[in-house]
Amino acid sequence: MMVSPLMRRLADAIDRSAPIAPGSGVDAIAADDRLLATATTAPLVRLWTNQQCLVTTRRLARHPDFAAAADISEKGGWPVHVRASGGTTVVHRPGILNVSLAMHAPPGATDIKHAYQPLVALIVRACRRLGLDPTTGACRGSYCDGAFNLGIDGRKFTGTAAIVRRAGGGIVWLSHAVITVDGDPAADIAAITRFERALGLDVSYDARVHTTLQREYARSSARQAGSAATPAAAASCN
Amino acid sequence: MTDVPIPADLWSADDVAAISAWLYDDGDSVQAGAVIAEIMVEKSSYELIAPATGKLQIVVPAEAVVTQGQVAGRIE
């Protein structure tokens, strides 16, 4: 699987010691379970990509129309896999970097923000090394929206979700980020919308509140070169 | 009859938690240790584990908000 120069730079900025593992559908998703099973008090980072697919939740997989909706999606080039973490349907494909972080929760820690914050901090720090300054927060109109999205100027490029399990008498956390490095978020939204509407869900996502790291990097570079910046999207994060 | 309680020590008591999905239907046979439901808190999933083997009786339906310690189901 091709890794763009920007994805390589981002991955190196996140964790130079972690290779980008190319994934093949559901096996790549299942590897997060193995990562969680080996969690220690020191955070374990996994960087990975996946083939083009949709990844949805166990909640939607229990929907009576799931098989038919998944069939429609697969015929459109987007096979559907199921994950254990929360949220709603997301996209995996070349051009998207997945970051998984597994760790034991400190004794007595139950606040889920402590599972997300190390992951978010890792990505924010890496983006700053690339000259970008993302913010954290919900992004109204985005797919799989949540309080621990990362966005730039009101446009989301990273979504996050987590799994919490008991293990070895304690609690283990796996937080996961889907970073859209390049590609077409509008096409991603079209695939998710087709699948979720086939489930009978009344969904409507706004492509204007999504972006790619590549676009934001180009905007930032243009600004630094003195070019006019592109206006921010009408909708906004936070 | 064994109660299936909502865990009291996995998330903060002031977080809003909901059963996002039962992974078995009411009346299904379940094995002790199986993941029988998923609880969602801020896009984080928590697994509800069957404490016994038997037939599942769902007390709290999917999508409902739950509180820590609440009985979500029973196994008989």
# chains A, B, ... in the order shown; residues from 1 in each chain; ligands from 1
>>> interface_residues(of="chain A", to="chain B", cutoff="9 Å", atoms="only C-alpha atoms", output="compact mmCIF listing (two decimals) with N, CA, C and O atoms, in the first residue's frame")
# COMPACT_ATOMS: atom_id res chain seq x y z
N ARG A 58 -20.92 -2.42 16.50
CA ARG A 58 -21.74 -3.61 16.80
C ARG A 58 -23.21 -3.22 16.90
O ARG A 58 -24.08 -4.03 16.58
N ARG A 59 -23.47 -1.98 17.32
CA ARG A 59 -24.87 -1.53 17.41
C ARG A 59 -25.52 -1.58 16.02
O ARG A 59 -26.60 -2.15 15.85
N LEU A 60 -24.85 -1.01 15.02
CA LEU A 60 -25.44 -1.00 13.68
C LEU A 60 -25.41 -2.40 13.06
O LEU A 60 -26.28 -2.74 12.25
N ARG A 62 -26.20 -4.99 14.49
CA ARG A 62 -27.37 -5.72 15.01
C ARG A 62 -28.66 -5.28 14.33
O ARG A 62 -29.73 -5.82 14.58
N ALA A 84 -15.13 -2.97 17.63
CA ALA A 84 -15.65 -3.00 19.00
C ALA A 84 -15.71 -1.61 19.62
O ALA A 84 -16.38 -1.43 20.63
N SER A 85 -15.03 -0.64 19.05
CA SER A 85 -15.02 0.68 19.69
C SER A 85 -16.31 1.45 19.38
O SER A 85 -17.10 1.04 18.53
N GLY A 86 -16.47 2.57 20.06
CA GLY A 86 -17.72 3.32 19.96
C GLY A 86 -17.82 4.20 18.74
O GLY A 86 -16.99 4.13 17.83
N GLY A 87 -18.88 5.04 18.72
CA GLY A 87 -19.09 5.96 17.61
C GLY A 87 -20.07 5.41 16.60
O GLY A 87 -20.98 4.66 16.94
N THR A 88 -19.89 5.84 15.35
CA THR A 88 -20.72 5.33 14.26
C THR A 88 -19.80 4.92 13.12
O THR A 88 -18.62 4.67 13.34
N GLY A 108 -7.79 3.31 39.77
CA GLY A 108 -8.84 4.23 40.17
C GLY A 108 -9.28 5.20 39.09
O GLY A 108 -10.25 5.93 39.27
N ALA A 109 -8.57 5.23 37.96
CA ALA A 109 -8.92 6.17 36.89
C ALA A 109 -10.13 5.65 36.12
O ALA A 109 -10.12 4.52 35.62
N THR A 110 -11.16 6.46 36.05
CA THR A 110 -12.35 6.05 35.31
C THR A 110 -12.79 7.11 34.30
O THR A 110 -13.67 6.85 33.48
N ASP A 111 -12.20 8.29 34.37
CA ASP A 111 -12.62 9.36 33.46
C ASP A 111 -12.09 9.06 32.06
O ASP A 111 -10.88 9.02 31.85
N ILE A 112 -13.01 8.89 31.11
CA ILE A 112 -12.60 8.44 29.78
C ILE A 112 -11.73 9.47 29.06
O ILE A 112 -10.98 9.12 28.15
N LYS A 113 -11.79 10.71 29.49
CA LYS A 113 -10.94 11.70 28.81
C LYS A 113 -9.46 11.38 29.00
O LYS A 113 -8.63 11.72 28.17
N CYS A 144 -19.48 10.45 12.49
CA CYS A 144 -18.85 9.92 13.71
C CYS A 144 -18.31 11.06 14.58
O CYS A 144 -17.18 11.05 15.01
N ASP A 145 -19.17 12.02 14.85
CA ASP A 145 -18.77 13.21 15.61
C ASP A 145 -18.50 12.85 17.07
O ASP A 145 -19.07 11.89 17.61
N GLY A 146 -17.62 13.62 17.70
CA GLY A 146 -17.32 13.39 19.10
C GLY A 146 -16.50 14.52 19.69
O GLY A 146 -15.96 15.34 18.95
N ALA A 147 -16.40 14.52 21.00
CA ALA A 147 -15.72 15.62 21.69
C ALA A 147 -14.21 15.60 21.49
O ALA A 147 -13.54 16.59 21.77
N PHE A 148 -13.68 14.46 21.01
CA PHE A 148 -12.23 14.36 20.87
C PHE A 148 -11.81 14.27 19.40
O PHE A 148 -10.82 13.65 19.05
N THR A 160 -12.03 10.08 16.69
CA THR A 160 -11.49 9.14 17.67
C THR A 160 -12.62 8.30 18.29
O THR A 160 -13.78 8.71 18.29
N ALA A 161 -12.25 7.16 18.80
CA ALA A 161 -13.17 6.30 19.55
C ALA A 161 -12.33 5.47 20.51
O ALA A 161 -11.09 5.50 20.43
N ALA A 162 -12.98 4.76 21.41
CA ALA A 162 -12.22 3.99 22.41
C ALA A 162 -12.96 2.73 22.82
O ALA A 162 -14.17 2.59 22.60
N ILE A 163 -12.20 1.82 23.39
CA ILE A 163 -12.73 0.59 24.00
C ILE A 163 -12.17 0.54 25.42
O ILE A 163 -11.00 0.86 25.63
N VAL A 164 -13.00 0.13 26.35
CA VAL A 164 -12.55 -0.06 27.73
C VAL A 164 -12.86 -1.49 28.13
O VAL A 164 -13.99 -1.96 27.94
N ARG A 165 -11.87 -2.19 28.64
CA ARG A 165 -12.08 -3.57 29.07
C ARG A 165 -11.41 -3.82 30.40
O ARG A 165 -10.47 -3.12 30.77
N ARG A 166 -11.87 -4.84 31.09
CA ARG A 166 -11.18 -5.31 32.28
C ARG A 166 -10.09 -6.28 31.85
O ARG A 166 -10.30 -7.07 30.93
N ILE A 171 -8.13 -2.12 34.52
CA ILE A 171 -8.86 -1.65 33.35
C ILE A 171 -7.85 -1.30 32.27
O ILE A 171 -6.81 -0.69 32.55
N SER A 175 -7.54 3.58 22.71
CA SER A 175 -8.11 4.71 21.98
C SER A 175 -7.58 4.65 20.55
O SER A 175 -6.47 4.17 20.30
>>> residues_around(residues="Ile29 (chain A)", least_positions_apart="3", cutoff="9 Å", atoms="only C-alpha atoms", output="PDB file with C-alpha atoms, in the first residue's frame")
ATOM      1  CA  GLY A  23      -3.801  -3.781   6.709  1.00  0.00           C
ATOM      2  CA  SER A  24      -6.205  -5.976   4.813  1.00  0.00           C
ATOM      3  CA  GLY A  25      -9.770  -5.409   5.900  1.00  0.00           C
ATOM      4  CA  VAL A  26     -11.042  -7.053   9.039  1.00  0.00           C
ATOM      5  CA  ASP A  32      -6.391  -3.759  17.815  1.00  0.00           C
ATOM      6  CA  ASP A  33      -7.814  -6.536  20.007  1.00  0.00           C
ATOM      7  CA  ASN A  50      -6.270  -0.364   5.642  1.00  0.00           C
ATOM      8  CA  VAL A  55     -16.029   0.181   9.586  1.00  0.00           C
ATOM      9  CA  HIS A  81     -16.497  -4.497   8.728  1.00  0.00           C
ATOM     10  CA  VAL A  82     -17.452  -4.277  12.398  1.00  0.00           C
ATOM     11  CA  ARG A  83     -15.322  -2.907  15.226  1.00  0.00           C
TER      12      ARG A  83
END
>>> select_by_dssp(residues="region 16-217 of chain A", states="strand (DSSP E or B)", output="VMD selection string")
chain A and resid 20 to 21 44 to 48 53 to 57 80 to 83 90 to 92 96 to 104 135 to 136 139 150 to 152 155 to 167 170 to 180 210
>>> select_by_dssp(residues="region 66-115 of chain A", states="helix (DSSP H, G or I)", output="ChimeraX atom specification")
/A:66-75,113-115
>>> write_last_selection(atoms="N, CA and C atoms", output="compact mmCIF listing (two decimals), in the first residue's frame")
# COMPACT_ATOMS: atom_id res chain seq x y z
N PHE A 66 -28.95 -4.91 8.37
CA PHE A 66 -27.49 -4.78 8.22
C PHE A 66 -26.95 -5.55 7.02
N ALA A 67 -27.35 -6.81 6.88
CA ALA A 67 -26.79 -7.63 5.79
C ALA A 67 -27.09 -7.02 4.42
N ALA A 68 -28.32 -6.54 4.26
CA ALA A 68 -28.69 -5.95 2.97
C ALA A 68 -27.93 -4.65 2.73
N ALA A 69 -27.79 -3.83 3.78
CA ALA A 69 -27.08 -2.56 3.63
C ALA A 69 -25.60 -2.80 3.35
N ALA A 70 -25.02 -3.79 4.02
CA ALA A 70 -23.61 -4.11 3.80
C ALA A 70 -23.39 -4.62 2.39
N ASP A 71 -24.36 -5.36 1.89
CA ASP A 71 -24.27 -5.88 0.51
C ASP A 71 -24.29 -4.72 -0.49
N ILE A 72 -25.19 -3.78 -0.28
CA ILE A 72 -25.25 -2.60 -1.16
C ILE A 72 -23.92 -1.85 -1.13
N SER A 73 -23.38 -1.68 0.06
CA SER A 73 -22.13 -0.95 0.20
C SER A 73 -20.98 -1.69 -0.50
N GLU A 74 -20.93 -2.99 -0.29
CA GLU A 74 -19.84 -3.78 -0.90
C GLU A 74 -19.93 -3.72 -2.42
N LYS A 75 -21.14 -3.77 -2.95
CA LYS A 75 -21.29 -3.70 -4.41
C LYS A 75 -20.84 -2.33 -4.92
N LYS A 113 -11.79 10.71 29.49
CA LYS A 113 -10.94 11.70 28.81
C LYS A 113 -9.46 11.38 29.00
N HIS A 114 -9.16 10.66 30.08
CA HIS A 114 -7.76 10.28 30.30
C HIS A 114 -7.31 9.18 29.32
N ALA A 115 -8.26 8.50 28.70
CA ALA A 115 -7.90 7.55 27.64
C ALA A 115 -7.67 8.27 26.33
>>> residues_around(residues="Ala50 (chain B)", least_positions_apart="3", cutoff="6 Å", atoms="only C-alpha atoms", output="list in words")
Ala32, Gly33 and Ala34 of chain B
>>> residues_around(residues="Val124 (chain A)", least_positions_apart="2", cutoff="10 Å", atoms="only C-alpha atoms", output="ChimeraX atom specification")
/A:13-14,118-122,126-130,132-136,150-151
>>> residues_around(residues="Val65 (chain B)", least_positions_apart="6", cutoff="8 Å", atoms="only C-alpha atoms", output="compact mmCIF listing (two decimals) with C-alpha atoms, in the first residue's frame")
# COMPACT_ATOMS: atom_id res chain seq x y z
CA VAL B 16 -24.07 9.74 30.54
CA ALA B 17 -24.03 6.04 29.68
CA ALA B 18 -26.44 4.14 27.46
CA ILE B 19 -26.82 0.56 26.31
>>> residues_around(residues="Cys53 (chain A)", least_positions_apart="2", cutoff="7 Å", atoms="only C-alpha atoms", output="list in words")
Gly25, Gln51, Val55, Trp78, Pro79, Val80, Val91, His92 and Arg93 of chain A
>>> write_last_selection(atoms="all heavy atoms", output="mmCIF file, in the first residue's frame")
data_model
loop_
_atom_site.group_PDB
_atom_site.id
_atom_site.type_symbol
_atom_site.label_atom_id
_atom_site.label_comp_id
_atom_site.auth_asym_id
_atom_site.auth_seq_id
_atom_site.Cartn_x
_atom_site.Cartn_y
_atom_site.Cartn_z
ATOM 1 N N GLY A 25 -8.397 -5.234 5.448
ATOM 2 C CA GLY A 25 -9.770 -5.409 5.900
ATOM 3 C C GLY A 25 -9.898 -5.730 7.365
ATOM 4 O O GLY A 25 -9.292 -5.082 8.227
ATOM 5 N N GLN A 51 -7.218 -1.312 3.651
ATOM 6 C CA GLN A 51 -7.841 -1.261 2.332
ATOM 7 C C GLN A 51 -9.157 -0.493 2.434
ATOM 8 O O GLN A 51 -9.702 -0.327 3.517
ATOM 9 C CB GLN A 51 -8.105 -2.692 1.833
ATOM 10 C CG GLN A 51 -6.841 -3.485 1.612
ATOM 11 C CD GLN A 51 -7.121 -4.954 1.357
ATOM 12 O OE1 GLN A 51 -8.215 -5.448 1.626
ATOM 13 N NE2 GLN A 51 -6.121 -5.668 0.861
ATOM 14 N N VAL A 55 -16.142 0.888 8.307
ATOM 15 C CA VAL A 55 -16.029 0.181 9.586
ATOM 16 C C VAL A 55 -17.120 0.719 10.500
ATOM 17 O O VAL A 55 -17.134 1.915 10.818
ATOM 18 C CB VAL A 55 -14.633 0.380 10.205
ATOM 19 C CG1 VAL A 55 -14.509 -0.457 11.474
ATOM 20 C CG2 VAL A 55 -13.545 -0.015 9.221
ATOM 21 N N TRP A 78 -17.324 -0.644 -1.244
ATOM 22 C CA TRP A 78 -17.015 -0.377 0.157
ATOM 23 C C TRP A 78 -17.506 -1.538 1.030
ATOM 24 O O TRP A 78 -18.609 -1.469 1.595
ATOM 25 C CB TRP A 78 -17.677 0.923 0.618
ATOM 26 C CG TRP A 78 -17.149 2.149 -0.058
ATOM 27 C CD1 TRP A 78 -17.563 2.681 -1.248
ATOM 28 C CD2 TRP A 78 -16.102 3.011 0.404
ATOM 29 N NE1 TRP A 78 -16.854 3.806 -1.540
ATOM 30 C CE2 TRP A 78 -15.940 4.042 -0.543
ATOM 31 C CE3 TRP A 78 -15.276 3.009 1.546
ATOM 32 C CZ2 TRP A 78 -14.994 5.054 -0.399
ATOM 33 C CZ3 TRP A 78 -14.344 4.022 1.683
ATOM 34 C CH2 TRP A 78 -14.208 5.022 0.726
ATOM 35 N N PRO A 79 -16.738 -2.616 1.142
ATOM 36 C CA PRO A 79 -17.136 -3.686 2.083
ATOM 37 C C PRO A 79 -17.242 -3.129 3.499
ATOM 38 O O PRO A 79 -16.561 -2.151 3.829
ATOM 39 C CB PRO A 79 -16.000 -4.707 1.957
ATOM 40 C CG PRO A 79 -14.865 -3.981 1.324
ATOM 41 C CD PRO A 79 -15.453 -2.878 0.503
ATOM 42 N N VAL A 80 -18.090 -3.739 4.294
ATOM 43 C CA VAL A 80 -18.341 -3.229 5.649
ATOM 44 C C VAL A 80 -17.798 -4.211 6.680
ATOM 45 O O VAL A 80 -18.094 -5.405 6.624
ATOM 46 C CB VAL A 80 -19.855 -3.024 5.881
ATOM 47 C CG1 VAL A 80 -20.108 -2.476 7.284
ATOM 48 C CG2 VAL A 80 -20.428 -2.072 4.836
ATOM 49 N N VAL A 91 -14.645 5.560 7.687
ATOM 50 C CA VAL A 91 -13.994 5.076 6.470
ATOM 51 C C VAL A 91 -12.570 4.658 6.785
ATOM 52 O O VAL A 91 -11.877 5.339 7.534
ATOM 53 C CB VAL A 91 -13.973 6.234 5.432
ATOM 54 C CG1 VAL A 91 -12.994 5.946 4.316
ATOM 55 C CG2 VAL A 91 -15.356 6.487 4.887
ATOM 56 N N HIS A 92 -12.143 3.541 6.230
ATOM 57 C CA HIS A 92 -10.728 3.200 6.156
ATOM 58 C C HIS A 92 -10.394 3.112 4.671
ATOM 59 O O HIS A 92 -11.196 2.615 3.881
ATOM 60 C CB HIS A 92 -10.418 1.839 6.798
ATOM 61 C CG HIS A 92 -10.474 1.836 8.287
ATOM 62 N ND1 HIS A 92 -10.151 0.720 9.038
ATOM 63 C CD2 HIS A 92 -10.820 2.785 9.185
ATOM 64 C CE1 HIS A 92 -10.289 0.994 10.325
ATOM 65 N NE2 HIS A 92 -10.698 2.242 10.443
ATOM 66 N N ARG A 93 -9.225 3.554 4.292
ATOM 67 C CA ARG A 93 -8.773 3.467 2.899
ATOM 68 C C ARG A 93 -7.340 3.952 2.838
ATOM 69 O O ARG A 93 -6.848 4.586 3.790
ATOM 70 C CB ARG A 93 -9.668 4.299 1.971
ATOM 71 C CG ARG A 93 -9.736 5.771 2.338
ATOM 72 C CD ARG A 93 -10.336 6.624 1.256
ATOM 73 N NE ARG A 93 -10.584 7.987 1.688
ATOM 74 C CZ ARG A 93 -9.660 8.921 1.862
ATOM 75 N NH1 ARG A 93 -8.366 8.625 1.667
ATOM 76 N NH2 ARG A 93 -9.974 10.151 2.258
#
>>> atom_distance(atom1="CA of Gln57 (chain B)", atom2="CA of Val30 (chain B)")
10.3 Å
>>> residues_around(residues="region 70-75 of chain B", least_positions_apart="4", cutoff="10 Å", atoms="only C-alpha atoms", output="MDAnalysis selection string")
chainID B and resid 1:8 19 26:32 36:37 48 50:62 64 66
>>> write_last_selection(atoms="N, CA, C and O atoms", output="CSV table (one decimal), in the first residue's frame")
chain,number,residue,atom,x,y,z
B,1,MET,N,-31.7,-17.3,39.3
B,1,MET,CA,-31.7,-16.1,38.5
B,1,MET,C,-30.5,-15.2,39.0
B,1,MET,O,-30.3,-14.9,40.1
B,2,THR,N,-29.7,-14.8,38.0
B,2,THR,CA,-28.6,-13.9,38.3
B,2,THR,C,-28.8,-12.6,37.6
B,2,THR,O,-29.0,-12.5,36.4
B,3,ASP,N,-28.6,-11.5,38.4
B,3,ASP,CA,-28.7,-10.2,37.9
B,3,ASP,C,-27.5,-9.8,37.0
B,3,ASP,O,-26.4,-10.3,37.3
B,4,VAL,N,-27.8,-9.0,36.0
B,4,VAL,CA,-26.7,-8.5,35.2
B,4,VAL,C,-26.6,-7.0,35.5
B,4,VAL,O,-27.4,-6.2,34.9
B,5,PRO,N,-25.7,-6.6,36.4
B,5,PRO,CA,-25.7,-5.2,36.7
B,5,PRO,C,-24.8,-4.3,35.8
B,5,PRO,O,-23.9,-4.8,35.2
B,6,ILE,N,-25.2,-3.1,35.7
B,6,ILE,CA,-24.3,-2.1,35.0
B,6,ILE,C,-23.1,-1.9,35.9
B,6,ILE,O,-23.2,-1.6,37.1
B,7,PRO,N,-21.8,-2.0,35.4
B,7,PRO,CA,-20.6,-1.8,36.2
B,7,PRO,C,-20.6,-0.5,36.9
B,7,PRO,O,-21.1,0.5,36.3
B,8,ALA,N,-20.0,-0.5,38.1
B,8,ALA,CA,-20.0,0.7,38.8
B,8,ALA,C,-18.6,1.4,38.9
B,8,ALA,O,-18.4,2.4,39.5
B,19,ILE,N,-27.0,1.9,27.0
B,19,ILE,CA,-26.8,0.6,26.3
B,19,ILE,C,-27.0,0.8,24.8
B,19,ILE,O,-28.0,1.2,24.3
B,26,ASP,N,-33.6,-11.2,23.7
B,26,ASP,CA,-34.3,-11.7,24.9
B,26,ASP,C,-34.6,-13.1,24.7
B,26,ASP,O,-35.2,-13.5,23.7
B,27,GLY,N,-34.3,-14.0,25.7
B,27,GLY,CA,-34.6,-15.4,25.6
B,27,GLY,C,-33.5,-16.2,25.1
B,27,GLY,O,-33.5,-17.5,25.1
B,28,ASP,N,-32.4,-15.6,24.5
B,28,ASP,CA,-31.3,-16.4,24.0
B,28,ASP,C,-30.5,-17.0,25.1
B,28,ASP,O,-30.4,-16.5,26.2
B,29,SER,N,-29.9,-18.1,24.8
B,29,SER,CA,-29.0,-18.8,25.7
B,29,SER,C,-27.6,-18.1,25.6
B,29,SER,O,-27.1,-17.8,24.5
B,30,VAL,N,-27.0,-17.8,26.8
B,30,VAL,CA,-25.7,-17.1,26.8
B,30,VAL,C,-24.8,-17.9,27.7
B,30,VAL,O,-25.2,-18.6,28.6
B,31,GLN,N,-23.5,-17.8,27.4
B,31,GLN,CA,-22.5,-18.5,28.2
B,31,GLN,C,-21.9,-17.5,29.2
B,31,GLN,O,-21.6,-16.3,28.8
B,32,ALA,N,-21.5,-18.0,30.4
B,32,ALA,CA,-20.8,-17.1,31.3
B,32,ALA,C,-19.5,-16.6,30.6
B,32,ALA,O,-18.8,-17.4,30.0
B,36,ILE,N,-22.3,-9.7,26.2
B,36,ILE,CA,-23.8,-9.8,25.9
B,36,ILE,C,-24.4,-8.4,25.5
B,36,ILE,O,-25.4,-8.3,24.9
B,37,ALA,N,-23.7,-7.3,25.9
B,37,ALA,CA,-24.2,-6.0,25.5
B,37,ALA,C,-23.0,-5.0,25.5
B,37,ALA,O,-21.9,-5.3,26.0
B,48,LEU,N,-20.5,-5.5,28.5
B,48,LEU,CA,-21.3,-6.1,29.6
B,48,LEU,C,-21.1,-7.6,29.4
B,48,LEU,O,-21.4,-8.2,28.4
B,50,ALA,N,-21.6,-11.6,30.5
B,50,ALA,CA,-22.6,-12.5,31.2
B,50,ALA,C,-21.9,-13.1,32.5
B,50,ALA,O,-20.9,-13.7,32.4
B,51,PRO,N,-22.6,-12.9,33.6
B,51,PRO,CA,-22.0,-13.4,34.9
B,51,PRO,C,-22.4,-14.9,35.1
B,51,PRO,O,-21.9,-15.5,36.0
B,52,ALA,N,-23.2,-15.4,34.2
B,52,ALA,CA,-23.7,-16.8,34.4
B,52,ALA,C,-24.1,-17.4,33.1
B,52,ALA,O,-24.3,-16.6,32.1
B,53,THR,N,-24.3,-18.7,33.0
B,53,THR,CA,-24.8,-19.3,31.8
B,53,THR,C,-26.3,-19.5,32.0
B,53,THR,O,-26.8,-19.9,33.1
B,54,GLY,N,-27.0,-19.3,30.9
B,54,GLY,CA,-28.5,-19.5,31.0
B,54,GLY,C,-29.2,-18.7,29.9
B,54,GLY,O,-28.6,-18.3,28.9
B,55,LYS,N,-30.5,-18.5,30.2
B,55,LYS,CA,-31.3,-17.7,29.2
B,55,LYS,C,-31.3,-16.2,29.7
B,55,LYS,O,-31.6,-15.9,30.8
B,56,LEU,N,-31.1,-15.4,28.7
B,56,LEU,CA,-31.0,-13.9,28.9
B,56,LEU,C,-32.4,-13.3,29.0
B,56,LEU,O,-33.2,-13.5,28.1
B,57,GLN,N,-32.6,-12.5,30.0
B,57,GLN,CA,-33.8,-11.7,30.1
B,57,GLN,C,-33.4,-10.3,30.1
B,57,GLN,O,-32.7,-9.8,31.0
B,58,ILE,N,-33.8,-9.5,29.1
B,58,ILE,CA,-33.4,-8.1,28.9
B,58,ILE,C,-34.4,-7.3,29.7
B,58,ILE,O,-35.6,-7.3,29.5
B,59,VAL,N,-33.8,-6.5,30.7
B,59,VAL,CA,-34.6,-5.6,31.5
B,59,VAL,C,-34.6,-4.2,31.0
B,59,VAL,O,-35.7,-3.5,30.9
B,60,VAL,N,-33.4,-3.7,30.6
B,60,VAL,CA,-33.3,-2.4,30.0
B,60,VAL,C,-33.1,-2.5,28.5
B,60,VAL,O,-32.1,-3.1,28.1
B,61,PRO,N,-33.9,-1.8,27.7
B,61,PRO,CA,-33.8,-2.0,26.3
B,61,PRO,C,-32.6,-1.2,25.7
B,61,PRO,O,-32.0,-0.3,26.4
B,62,ALA,N,-32.1,-1.6,24.5
B,62,ALA,CA,-31.1,-0.9,23.8
B,62,ALA,C,-31.5,0.6,23.7
B,62,ALA,O,-32.7,0.9,23.5
B,64,ALA,N,-31.4,2.8,25.8
B,64,ALA,CA,-31.8,3.5,27.1
B,64,ALA,C,-30.6,3.9,27.9
B,64,ALA,O,-29.5,3.3,27.9
B,66,VAL,N,-28.5,4.4,31.2
B,66,VAL,CA,-28.4,3.5,32.4
B,66,VAL,C,-27.5,4.2,33.5
B,66,VAL,O,-26.7,5.1,33.2
